[in-house]
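Undergrad: Got a structure for you, written out below as structure tokens; questions coming shortly.
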Amino acid sequence: MADRISENLQDKISARLRFYQDIGIDLFYRNRTASAASSQLDLPASQSETINSVSIAVVAEYSETVETLIVAEPSVEESPVLEDTVPRTPRKPLLPAAPALQVPAPPKVVLSAPKSGLFDATSKISGDSLLKIRDDIGDCTRCKLHKARNKIVFADGNPKAKLVFVGEGPGRDEDMQGLPFVGRAGKLLTQMIEAMGLQRQDVYICNVVKCRPPENRLPEPDEIKTCSPFLLRQLDAVDPQVIVALGACAAQTLLQTTRGISHFRGQWQEFGGRKLMATYHPAYLLRNPPAKADVWKDLQMVMVELGLEVKRGAKSTSAGKPS
Ligand code: SF4
């Protein structure tokens with residue numbers, strides 16, 4: 001009886017070893033104990049010793065082949081049937097496990113503009129200047145916004161400014177005058193700039209699109225895509241220390257995100273190696289004056305970054321100025 005069982009077991013073990021050999025995990029099997037083999041074959045514990053001796057003998061028979069197989073990766077191409085029918089078994093690692101990497105805590109910055117596409121350094125124009133960018137825009141008809149515009153609104157302010165404000169697009173007053181932020185929202189922006197201890201001519205002000213969207217609607221994606229390369233060139237040419245994105249359109253365009261501005265407003269972002277602060281658009285503040293307090297907090301962070309004096313206890317007023 002014992003001999004019959006032994007032969008039966010030997011056949012099973014031999015078959016199993018060939019199977020393991022075929023898929024390249026013989027070493028794994030060889031290192032297993034007799035009790036494990038017994039368990040796998042669903043046999044009584046009383047037969048463990050027999051199994052052990054048989055398995056050792058059979059394993060020894062294959063050991064030379066095993067040493068070869070554990071060096072070479074098992075080839076799926078060589079075993080097409082196994083790939084379809086045998087579940088993938090993780091191989092025992094041949095090298096000691098590498099020590100766990102210490103992953104540093106994520107930085108405060110929550111978004112950053114991608115370094116590809118429009119933002120790729122390789123797309124920068126050598127020797128670019130604001131003059132050249134304006135020349136390139138010319139009497140632009142690249143997108144449908146040209147149809148209803150009166151004037152192209154390129155920018156205003158200091159071409160060497162440390163601080164750049166980026167808005168969404170011209171409104172009616174801007175379209176008439178050819179200057180950004182000259183209407184009611186523009187006056188509020190000017191007051192905010194002065195509250196920071198700066199003059200409007202100290203900063204550079206521009207928009208994502210240079211022509212007024214009809215009825216002051218939001219610029220559409222194709223219009224933003226067509227016009228924003230000019231904005232990116234402007235930012236590179238001015239090379240400011242800090243960019244303030246006014247409103248969701250500017251923030252989402254520069255950061256290439258669809259997240260709502262309230263999710264990342266008031267936190268420093270990174271744009272092309274520069275610091276970017278997203279805050280609410282002055283036009284929104286005209287409709288929602290309580291939000292001025294949030295904007296003033298954001299601008300105070302900008303002031304700290306630029307080394308401007310921040311008066312402790314200063315609060316925003318209805319005009320956006322600290323009291
Ligand atoms: Fe050209 Fe920009 Fe005006 Fe469109 S919005 S017509 S791309 S300047």
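We name chains A, B, ... following the order of the structure tokens; residues begin at 1 in each chain, and ligands are numbered from 1 as shown.
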Quick one: residues within 8 Å of range 141-147 of chain A, only C-alpha atoms, excluding same-chain residues fewer than 6 positions away - as a list in words?

TA: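 Contacts, in chain order: Cys211, Arg212, Pro213, Pro214, Asp222, Glu223, Thr226 and Cys227 of chain A.
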
Undergrad: Could you give me, as CSV, a per-residue list for chain A showing, wherever an atom lies at most 12 Å from an atom of ligand 1, the closest pair of atoms and their distance in Å to one decimal, using only C-alpha atoms and all ligand atoms and sorting by chain then residue number from low to high?

TA:
residue,atom,partner,partner_atom_place_in_ligand_line,distance
A:Ile133,CA,ligand 1,8 (S),10.7
A:Arg134,CA,ligand 1,8 (S),9.4
A:Asp135,CA,ligand 1,8 (S),11.1
A:Asp136,CA,ligand 1,8 (S),9.6
A:Ile137,CA,ligand 1,8 (S),6.0
A:Gly138,CA,ligand 1,8 (S),8.0
A:Asp139,CA,ligand 1,8 (S),7.6
A:Cys140,CA,ligand 1,1 (Fe),4.2
A:Thr141,CA,ligand 1,6 (S),4.4
A:Arg142,CA,ligand 1,1 (Fe),4.7
A:Cys143,CA,ligand 1,4 (Fe),4.0
A:Lys144,CA,ligand 1,4 (Fe),6.2
A:Leu145,CA,ligand 1,4 (Fe),5.0
A:His146,CA,ligand 1,6 (S),4.1
A:Lys147,CA,ligand 1,6 (S),7.7
A:Ala148,CA,ligand 1,6 (S),9.5
A:Arg149,CA,ligand 1,3 (Fe),7.8
A:Asn150,CA,ligand 1,3 (Fe),10.3
A:Lys151,CA,ligand 1,3 (Fe),9.0
A:Ile152,CA,ligand 1,8 (S),6.3
A:Val153,CA,ligand 1,8 (S),8.0
A:Phe154,CA,ligand 1,8 (S),8.1
A:Ala155,CA,ligand 1,8 (S),11.6
A:Glu168,CA,ligand 1,5 (S),10.7
A:Gly169,CA,ligand 1,5 (S),8.3
A:Pro170,CA,ligand 1,5 (S),9.5
A:Asp175,CA,ligand 1,3 (Fe),10.9
A:Gly178,CA,ligand 1,3 (Fe),11.9
A:Cys206,CA,ligand 1,2 (Fe),11.9
A:Asn207,CA,ligand 1,5 (S),9.6
A:Val208,CA,ligand 1,2 (Fe),8.2
A:Val209,CA,ligand 1,5 (S),4.6
A:Lys210,CA,ligand 1,5 (S),4.5
A:Cys211,CA,ligand 1,3 (Fe),4.3
A:Arg212,CA,ligand 1,5 (S),7.3
A:Pro213,CA,ligand 1,5 (S),8.1
A:Pro214,CA,ligand 1,5 (S),11.3
A:Leu218,CA,ligand 1,5 (S),11.8
A:Pro219,CA,ligand 1,5 (S),8.5
A:Glu220,CA,ligand 1,5 (S),10.1
A:Pro221,CA,ligand 1,4 (Fe),11.2
A:Asp222,CA,ligand 1,4 (Fe),9.1
A:Glu223,CA,ligand 1,4 (Fe),5.8
A:Ile224,CA,ligand 1,5 (S),7.5
A:Lys225,CA,ligand 1,7 (S),8.2
A:Thr226,CA,ligand 1,7 (S),5.0
A:Cys227,CA,ligand 1,7 (S),3.9
A:Ser228,CA,ligand 1,2 (Fe),7.4
A:Pro229,CA,ligand 1,7 (S),8.9
A:Phe230,CA,ligand 1,2 (Fe),7.7
A:Leu231,CA,ligand 1,2 (Fe),9.3

Undergrad: Show me, as a PyMOL selection string, the residues that have an atom within 10 Å of Val166 in chain A when counting only C-alpha atoms, minus same-chain residues fewer than 2 positions from it.

TA: chain A and resi 155+163-164+168-169+180+204-208+231+235+243-247+249-251+254+278+281

Undergrad: Now that the selection is made, can you save its residues with C-alpha atoms as a PDB file, in the first residue's frame?

TA:
ATOM      1  CA  ALA A 155      -1.105  95.124 -22.160  1.00  0.00           C
ATOM      2  CA  LEU A 163       4.616  91.628 -10.584  1.00  0.00           C
ATOM      3  CA  VAL A 164       2.261  90.757 -13.436  1.00  0.00           C
ATOM      4  CA  GLU A 168      -9.436  87.104 -18.624  1.00  0.00           C
ATOM      5  CA  GLY A 169     -10.124  89.439 -21.539  1.00  0.00           C
ATOM      6  CA  PRO A 180      -6.604  96.474 -19.987  1.00  0.00           C
ATOM      7  CA  TYR A 204       2.404  94.753 -15.860  1.00  0.00           C
ATOM      8  CA  ILE A 205      -1.235  94.000 -16.698  1.00  0.00           C
ATOM      9  CA  CYS A 206      -2.468  91.779 -19.510  1.00  0.00           C
ATOM     10  CA  ASN A 207      -5.180  89.268 -20.401  1.00  0.00           C
ATOM     11  CA  VAL A 208      -5.547  85.716 -21.664  1.00  0.00           C
ATOM     12  CA  LEU A 231       0.277  85.676 -23.183  1.00  0.00           C
ATOM     13  CA  LEU A 235       5.199  86.441 -19.390  1.00  0.00           C
ATOM     14  CA  ILE A 243       2.216  86.331 -11.389  1.00  0.00           C
ATOM     15  CA  VAL A 244      -1.257  87.040 -10.038  1.00  0.00           C
ATOM     16  CA  ALA A 245      -3.979  85.279 -12.004  1.00  0.00           C
ATOM     17  CA  LEU A 246      -7.206  87.239 -11.677  1.00  0.00           C
ATOM     18  CA  GLY A 247     -10.183  84.915 -11.906  1.00  0.00           C
ATOM     19  CA  CYS A 249     -10.109  81.803 -16.653  1.00  0.00           C
ATOM     20  CA  ALA A 250      -6.582  83.158 -16.161  1.00  0.00           C
ATOM     21  CA  ALA A 251      -5.767  80.711 -13.373  1.00  0.00           C
ATOM     22  CA  LEU A 254      -1.956  79.202 -16.841  1.00  0.00           C
ATOM     23  CA  ALA A 278      -4.611  82.823  -8.114  1.00  0.00           C
ATOM     24  CA  HIS A 281     -11.254  88.761 -10.478  1.00  0.00           C
TER      25      HIS A 281
END

Undergrad: Need the shell around Gly260 in chain A: protein/DNA/RNA residues with any atom at most 8 Å away, counting only C-alpha atoms. Skip same-chain ones fewer than 3 positions apart. Format as a count of residues only?

TA: 3

Undergrad: Identify which of the residues A:Ala195, A:Leu131, A:Gly186, A:Gln177 lies closest to Met303 in chain A, counting only C-alpha atoms when measuring atom-to-atom distances.

TA: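 Comparing A:Ala195, A:Leu131, A:Gly186, A:Gln177 against Met303 in chain A, the winner is A:Ala195.
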
Undergrad: Name the closest residue to Phe271 in chain A among the candidates A:Leu198, A:Val242, A:Ala283, A:Val295; distances are taken between atoms, counting only C-alpha atoms.

TA: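 Closest to Phe271 in chain A of all the choices is A:Val242.
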
Undergrad: May I have the residues within 9 Å of Leu299 in chain A as a compact mmCIF listing (two decimals) with N, CA and C atoms, in the first residue's frame, using only C-alpha atoms and disregarding those fewer than 4 positions away in the same chain?

TA:
# COMPACT_ATOMS: atom_id res chain seq x y z
N MET A 192 -6.41 98.23 -5.61
CA MET A 192 -5.74 97.09 -4.95
C MET A 192 -4.23 97.21 -5.09
N ILE A 193 -3.79 97.60 -6.27
CA ILE A 193 -2.34 97.76 -6.50
C ILE A 193 -1.78 98.84 -5.59
N MET A 196 -1.27 97.91 -2.10
CA MET A 196 -0.05 97.11 -1.89
C MET A 196 1.18 97.99 -1.76
N VAL A 244 0.04 87.15 -10.69
CA VAL A 244 -1.26 87.04 -10.04
C VAL A 244 -2.30 86.78 -11.13
N GLY A 266 -5.31 81.47 -2.97
CA GLY A 266 -4.65 81.73 -1.69
C GLY A 266 -3.50 80.78 -1.39
N MET A 277 0.04 83.28 -7.90
CA MET A 277 -1.06 83.35 -6.93
C MET A 277 -2.36 83.55 -7.70
N THR A 279 -6.28 84.47 -7.57
CA THR A 279 -7.25 85.12 -6.69
C THR A 279 -8.45 85.54 -7.52
N ASP A 294 -10.73 88.04 1.18
CA ASP A 294 -9.90 86.92 0.71
C ASP A 294 -8.82 87.41 -0.24
N VAL A 295 -9.24 88.29 -1.15
CA VAL A 295 -8.28 88.80 -2.13
C VAL A 295 -7.17 89.59 -1.43
N MET A 303 2.74 90.48 -1.38
CA MET A 303 3.57 91.57 -0.85
C MET A 303 4.76 91.00 -0.06
N VAL A 304 4.50 90.00 0.75
CA VAL A 304 5.59 89.37 1.51
C VAL A 304 6.63 88.80 0.55

Undergrad: Have a look at A:Gln256, A:Ser262, A:Gln241, A:Gln201 and name the one nearest to Leu276 in chain A; count only C-alpha atoms.

TA: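 Using only C-alpha atoms, the shortest distance to Leu276 in chain A belongs to A:Gln241.
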
Undergrad: What gap, in Å, lies between CA of Val310 in chain A and CA of Trp296 in chain A?

TA: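 Result for CA of Val310 in chain A versus CA of Trp296 in chain A: 10.9 Å, one decimal.
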
Undergrad: Report, in Å to a single decimal, how far apart CA of Thr190 in chain A and CA of Gly157 in chain A are.

TA: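 Taking CA of Gly157 in chain A and CA of Thr190 in chain A, their separation equals 11.4 Å.
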